[in-house]
Number of protein chains: 2
Amino acid sequence: MIKKTVIRDMRYALDGNAGSDAVHRKPVYSYAVTQLIDDSGITGVGFAFTLGEGNDLVCKAAQYYARQLVGKDIEETMADFGQLFRQLSDDPQFRWLGPHKGVVQLALASVTNACYDLWAKKRGLPLWKLLNDLAPEELIATLDFSYLEDELTREQALAILVAEQQGKTAREQILTSGYPGYDTSIGWFNYSDEKVRENCHKAIAEGFKAMKLKVGSEDFNRDIRRAFIVREVAGEDVKVMLDANQQWNLPQAIEICGQLKSMNPYWIEEPTHPDDILAHQQLAQIIAPVKIALGEHVPNKVLFKNYLQAGAAAFIQVDAVRVGGVSEFLTVSLLCKKFGIPVVPHVGDMGQLHQHLVLFNHISMGHEALFLEHIPHLKQHFAHPAQITGGFYQTPMEPGSSCDLLALKD
Amino acid sequence: MIKKTVIRDMRYALDGNAGSDAVHRKPVYSYAVTQLIDDSGITGVGFAFTLGEGNDLVCKAAQYYARQLVGKDIEETMADFGQLFRQLSDDPQFRWLGPHKGVVQLALASVTNACYDLWAKKRGLPLWKLLNDLAPEELIATLDFSYLEDELTREQALAILVAEQQGKTAREQILTSGYPGYDTSIGWFNYSDEKVRENCHKAIAEGFKAMKLKVGSEDFNRDIRRAFIVREVAGEDVKVMLDANQQWNLPQAIEICGQLKSMNPYWIEEPTHPDDILAHQQLAQIIAPVKIALGEHVPNKVLFKNYLQAGAAAFIQVDAVRVGGVSEFLTVSLLCKKFGIPVVPHVGDMGQLHQHLVLFNHISMGHEALFLEHIPHLKQHFAHPAQITGGFYQTPMEPGSSCDLLALKD
């Protein structure tokens, strides 16, 4: 039984210019952390990610949700979590602050993730194993399909999982090979050309087959110059992704994406405003075969449904510390599976939680194991930091979702 | 010069079942209030609306924005407010909590509205007059057109205002006739059939030619029964709007809207999730000629642009205490003007601020003076409550935006 909840506001300054992009020039990677303290002595830990300022607001909202869990048994809670998720996210007064977006949605992510973590820890299993071992009906019971019915009913989602039971054993091979990673840290926005070049070489030496550069400069030529530097160092066989962090309006995006086409980006990420479904749809048609990736700022399953229906994104970067936690991440993953679109999470969690989720997506949902973003910056703050060897995430074996922060023990 | 800012968390319990709808069963109408205290002795007042829980989060976020205004001169600030608006809404760290939605956007509304109020009070003018007297260039300088460029550039917006200079004088006639209102309070969700019937009679006796009923019951038959009661009492010449408050998913909306068609609703409001642009687009096509109204939960201009581009709404209910305040309300109004879609604000402010804005929209932007929602519940709490006579809003003449709350004087 959950006897107590503690919310913590954890902020980590980054070294140098790490983490900088076209919008976020001086981020302070921060977590609004929910701890669910069980009377068994086990603590479930979950968090949402922010860039510093306002992390306290998410903490306060998380407290509002978390206190509703006191007195609940985690097994009973998770047996019908989809129902609870809907109830919390549709709270008659609090809902106005969203709905299903912004501070309240981040807070819901924090609390939801703590529930899944506590569940896995109490069963003594890493989260990926807990999820993979669940019967399809049990997994589906943790999800909320409201407002998706025109594209994906509960029954259709269940049918996907049942169909994918076949082939699970073969796909479990990934547990030993490791899940491929890609390197996001070669080209943060404020890095010099020299540093980008040097990081490229380093990433390749470490075994990465894919890497990402931040673009979105006021000076288009800077973006183009740096993109070609990366391509030159990486060669043709390495996938290079470009991330504009919403810096362009549609006419600008059309122009610059046209110019970036010739360096053959694997995708162009967040070319414009994250709410602008129809701009992305139009851009996708114009710049094809260059593909668009997005999702780190898309707050809920309804907006993802719209992006998928519009054919506006070829890669979905849903983030379980941005949408309403593991539950909504899995719901969106099922939606993507229906549309045949890969899920390549943004990792506000530095990959700690997502390494579990992509294993589940691949093994139990039949998603392609494309690659998972890798950002090393907060490694030293986690009790069980993700291990990357030769460019591959090594399968985490400790119970839970790998979200324990060292400082929480203080 | 603004010498100090004070943020107040004001909450007002409602009597009986007033304010109830299909989602919000026990709302506490609340304002996150920004006061900008000028060294001239004048205080600018603006607010965002919430339903109670979490109003404190909006206050806290408003404090973050407001403190950046200390030391600024309001005339200088408003001479280039569009720039400041963009800067605040794209704050490198705080922006992550949206962007442009949820708690941070509500907070921006509160602060923005206080700026416009202070500006008008210092000029000794009611806000509608201040806005109407501005040169088109001056008005446009208070707006931010970022991410709208594919549909409406700053230059195109200016051209609209310049073109509408012609006919302004004729349209000023509305200042004496008053702006038509419609009655939202005949049929709150929890009201009995008898009370709805009685309120209908009362509204007609008071001169209203349009009124709104809350629908979205779990029992579809209840909605249908009540809708026909209103039509029966109102007769064929009164406009009757139905408001579902997002209660239906798309398949349900298609079914029930089909059944409600025969009572000839003037519009059906918020039939489904407020982020679901493509569901509204599909529904609009299926239920035509019945029309859809929405906007009270749409947080920013980018999403409104998508709704307009998709032809998914025939009436736009943008609310200046939900989007980023007066500035973004006017930007969205210009966008609607370009698309030929009427603006019929949702009035989280109980019409206090919006009575000014619809006068501007009609006189200077050439929008049709359709009608403005009227909700009487907080009348007694305002220093200058909106006056409705014979179903018409009487033009407010006091300086400012009519948002002074009596309790702020404590």
# chains A, B, ... in the order shown; residues from 1 in each chain; ligands from 1
>>> interface_residues(of="chain A", to="chain B", cutoff="6 Å", atoms="only C-alpha atoms", output="ChimeraX atom specification")
/A:23-24,51-53,92-94,97-98,102-103,147,249
>>> residues_around(residues="Ala48 of chain A", least_positions_apart="6", cutoff="10 Å", atoms="only C-alpha atoms", output="ChimeraX atom specification")
/A:30-34,55,58-59,62,103,105-113,319-325,348-349
>>> write_last_selection(atoms="N, CA and C atoms", output="short mmCIF file (atom, residue, chain, number, x, y, z; two decimals), in the first residue's frame")
data_model
loop_
_atom_site.label_atom_id
_atom_site.label_comp_id
_atom_site.auth_asym_id
_atom_site.auth_seq_id
_atom_site.Cartn_x
_atom_site.Cartn_y
_atom_site.Cartn_z
N SER A 30 16.05 19.53 -15.73
CA SER A 30 15.38 19.45 -14.43
C SER A 30 14.32 18.36 -14.43
N TYR A 31 14.14 17.78 -13.28
CA TYR A 31 13.11 16.76 -13.12
C TYR A 31 12.15 17.12 -12.00
N ALA A 32 10.86 17.02 -12.31
CA ALA A 32 9.83 17.10 -11.26
C ALA A 32 9.56 15.65 -10.88
N VAL A 33 10.06 15.26 -9.71
CA VAL A 33 10.13 13.84 -9.34
C VAL A 33 9.01 13.47 -8.36
N THR A 34 8.34 12.39 -8.66
CA THR A 34 7.35 11.83 -7.73
C THR A 34 7.92 10.56 -7.10
N ASN A 55 9.95 24.35 -13.06
CA ASN A 55 9.93 22.95 -12.62
C ASN A 55 9.12 22.81 -11.32
N VAL A 58 5.42 22.21 -11.96
CA VAL A 58 5.11 20.81 -12.26
C VAL A 58 5.09 19.99 -10.97
N CYS A 59 6.02 20.28 -10.08
CA CYS A 59 6.06 19.58 -8.78
C CYS A 59 4.76 19.80 -8.01
N ALA A 62 2.03 17.87 -9.58
CA ALA A 62 2.22 16.43 -9.32
C ALA A 62 1.74 16.07 -7.91
N VAL A 103 1.70 22.14 -17.95
CA VAL A 103 2.13 21.77 -16.60
C VAL A 103 1.36 20.57 -16.05
N GLN A 105 -0.14 18.12 -17.56
CA GLN A 105 0.19 16.88 -18.26
C GLN A 105 1.59 16.39 -17.85
N LEU A 106 2.53 17.30 -17.70
CA LEU A 106 3.87 16.93 -17.22
C LEU A 106 3.77 16.33 -15.82
N ALA A 107 2.91 16.93 -15.00
CA ALA A 107 2.73 16.42 -13.64
C ALA A 107 2.14 15.01 -13.67
N LEU A 108 1.21 14.80 -14.57
CA LEU A 108 0.60 13.47 -14.69
C LEU A 108 1.66 12.45 -15.13
N ALA A 109 2.56 12.87 -16.00
CA ALA A 109 3.66 11.99 -16.43
C ALA A 109 4.49 11.56 -15.23
N SER A 110 4.82 12.51 -14.39
CA SER A 110 5.66 12.22 -13.23
C SER A 110 5.01 11.16 -12.34
N VAL A 111 3.73 11.36 -12.07
CA VAL A 111 3.02 10.45 -11.17
C VAL A 111 2.79 9.09 -11.84
N THR A 112 2.40 9.10 -13.09
CA THR A 112 2.19 7.84 -13.82
C THR A 112 3.47 7.01 -13.85
N ASN A 113 4.58 7.66 -14.15
CA ASN A 113 5.84 6.93 -14.25
C ASN A 113 6.25 6.33 -12.91
N ASP A 319 7.63 11.25 -26.07
CA ASP A 319 8.51 11.20 -24.91
C ASP A 319 7.66 10.95 -23.67
N ALA A 320 7.98 9.87 -22.95
CA ALA A 320 7.18 9.47 -21.79
C ALA A 320 7.33 10.43 -20.61
N VAL A 321 8.26 11.39 -20.70
CA VAL A 321 8.33 12.41 -19.64
C VAL A 321 7.77 13.74 -20.16
N ARG A 322 7.04 13.69 -21.27
CA ARG A 322 6.33 14.86 -21.82
C ARG A 322 4.83 14.58 -21.91
N VAL A 323 4.44 13.46 -22.55
CA VAL A 323 3.03 13.05 -22.55
C VAL A 323 2.71 12.48 -21.17
N GLY A 324 1.50 11.99 -20.99
CA GLY A 324 1.10 11.53 -19.66
C GLY A 324 1.77 10.24 -19.19
N GLY A 325 3.08 10.13 -19.37
CA GLY A 325 3.83 9.03 -18.81
C GLY A 325 3.81 7.76 -19.64
N GLY A 348 13.87 12.97 -22.79
CA GLY A 348 13.97 13.91 -21.67
C GLY A 348 14.50 13.21 -20.43
N ASP A 349 14.36 11.91 -20.40
CA ASP A 349 14.84 11.09 -19.27
C ASP A 349 16.28 10.62 -19.48
#
>>> residues_around(residues="Ile224 of chain B", least_positions_apart="2", cutoff="9 Å", atoms="only C-alpha atoms", output="number ranges by chain")
B: 215, 220-222, 226-229, 256, 259-260, 263
>>> closest_residue(among="A:Val6, A:Ala18, A:Val70, A:Ala13", to="His381 of chain A", atoms="only C-alpha atoms")
A:Ala13
>>> residues_around(residues="Gly44 of chain B", least_positions_apart="3", cutoff="7 Å", atoms="only C-alpha atoms", output="PDB file with C-alpha atoms, in the first residue's frame")
ATOM      1  CA  GLN B  35      -1.956  44.110 -10.955  1.00  0.00           C
ATOM      2  CA  LEU B  36       0.599  46.438 -12.499  1.00  0.00           C
ATOM      3  CA  ILE B  37       1.049  49.321 -10.131  1.00  0.00           C
ATOM      4  CA  ALA B 114      -3.025  44.012 -17.313  1.00  0.00           C
ATOM      5  CA  CYS B 115      -0.772  45.838 -19.785  1.00  0.00           C
ATOM      6  CA  ASP B 117      -5.766  47.798 -19.061  1.00  0.00           C
ATOM      7  CA  LEU B 118      -3.034  50.041 -17.685  1.00  0.00           C
TER       8      LEU B 118
END
>>> closest_residue(among="B:Leu335, B:Ile42, B:Ala383, B:Leu131", to="Arg154 of chain B", atoms="only C-alpha atoms")
B:Leu335
>>> residues_around(residues="Val344 of chain A", least_positions_apart="6", cutoff="9 Å", atoms="only C-alpha atoms", output="list of chain:residue names")
A:Ala293, A:Phe315, A:Ile316, A:Gln317, A:Val318, A:Asp319, A:Val358, A:Ala369, A:Leu370, A:Phe371, A:Leu372, A:Glu373
>>> write_last_selection(atoms="C-alpha atoms", output="CSV table (one decimal), in the first residue's frame")
chain,number,residue,atom,x,y,z
A,293,ALA,CA,10.5,13.7,-37.2
A,315,PHE,CA,9.1,9.4,-37.3
A,316,ILE,CA,7.3,9.9,-34.0
A,317,GLN,CA,9.4,11.1,-31.1
A,318,VAL,CA,6.9,10.7,-28.3
A,319,ASP,CA,8.5,11.2,-24.9
A,358,VAL,CA,11.7,0.7,-26.8
A,369,ALA,CA,14.2,-1.4,-33.5
A,370,LEU,CA,15.5,1.7,-35.2
A,371,PHE,CA,17.6,3.4,-32.6
A,372,LEU,CA,17.2,5.4,-29.3
A,373,GLU,CA,18.6,8.8,-28.7
>>> residues_around(residues="Asp73 of chain B", least_positions_apart="3", cutoff="7 Å", atoms="only C-alpha atoms", output="list of chain:residue names")
B:Met1, B:Ile2, B:Glu76, B:Thr77
>>> closest_residue(among="B:Ile388, B:Ala234, B:Leu161, B:Ala170", to="Ser333 of chain B", atoms="only C-alpha atoms")
B:Leu161
>>> residues_around(residues="Ile186 of chain A", least_positions_apart="3", cutoff="12 Å", atoms="only C-alpha atoms", output="VMD selection string")
chain A and resid 17 to 20 182 to 183 189 to 204 206 208 210 to 214 226 to 227 229 to 230 233 to 234 240 to 243 373 to 376
>>> select_by_dssp(residues="segment 280-406 of chain A", states="alpha helix (DSSP H)", output="ChimeraX atom specification")
/A:280-287,301-309,325-339,354-363
>>> closest_residue(among="B:Lys129, B:Arg123, B:Lys379, B:Arg86", to="Leu357 of chain B", atoms="only C-alpha atoms")
B:Lys129
>>> closest_residue(among="B:Phe392, B:Phe382, B:Tyr12, B:Trp119", to="Lys209 of chain B", atoms="only C-alpha atoms")
B:Phe392
>>> closest_residue(among="A:Leu378, A:Leu353, A:Ala313, A:Ile7", to="Cys403 of chain A", atoms="only C-alpha atoms")
A:Leu353
>>> atom_distance(atom1="atom CA of Asp219 of chain B", atom2="atom CA of Asp144 of chain A")
21.5 Å
>>> select_by_dssp(residues="segment 38-221 of chain B", states="strand (DSSP E)", output="JSON, numbers by chain")
{"B": [38, 43, 44, 45, 46, 47, 48, 49, 50, 179, 180, 181, 182, 183, 184, 185, 186, 187, 210, 211, 212, 213, 214]}
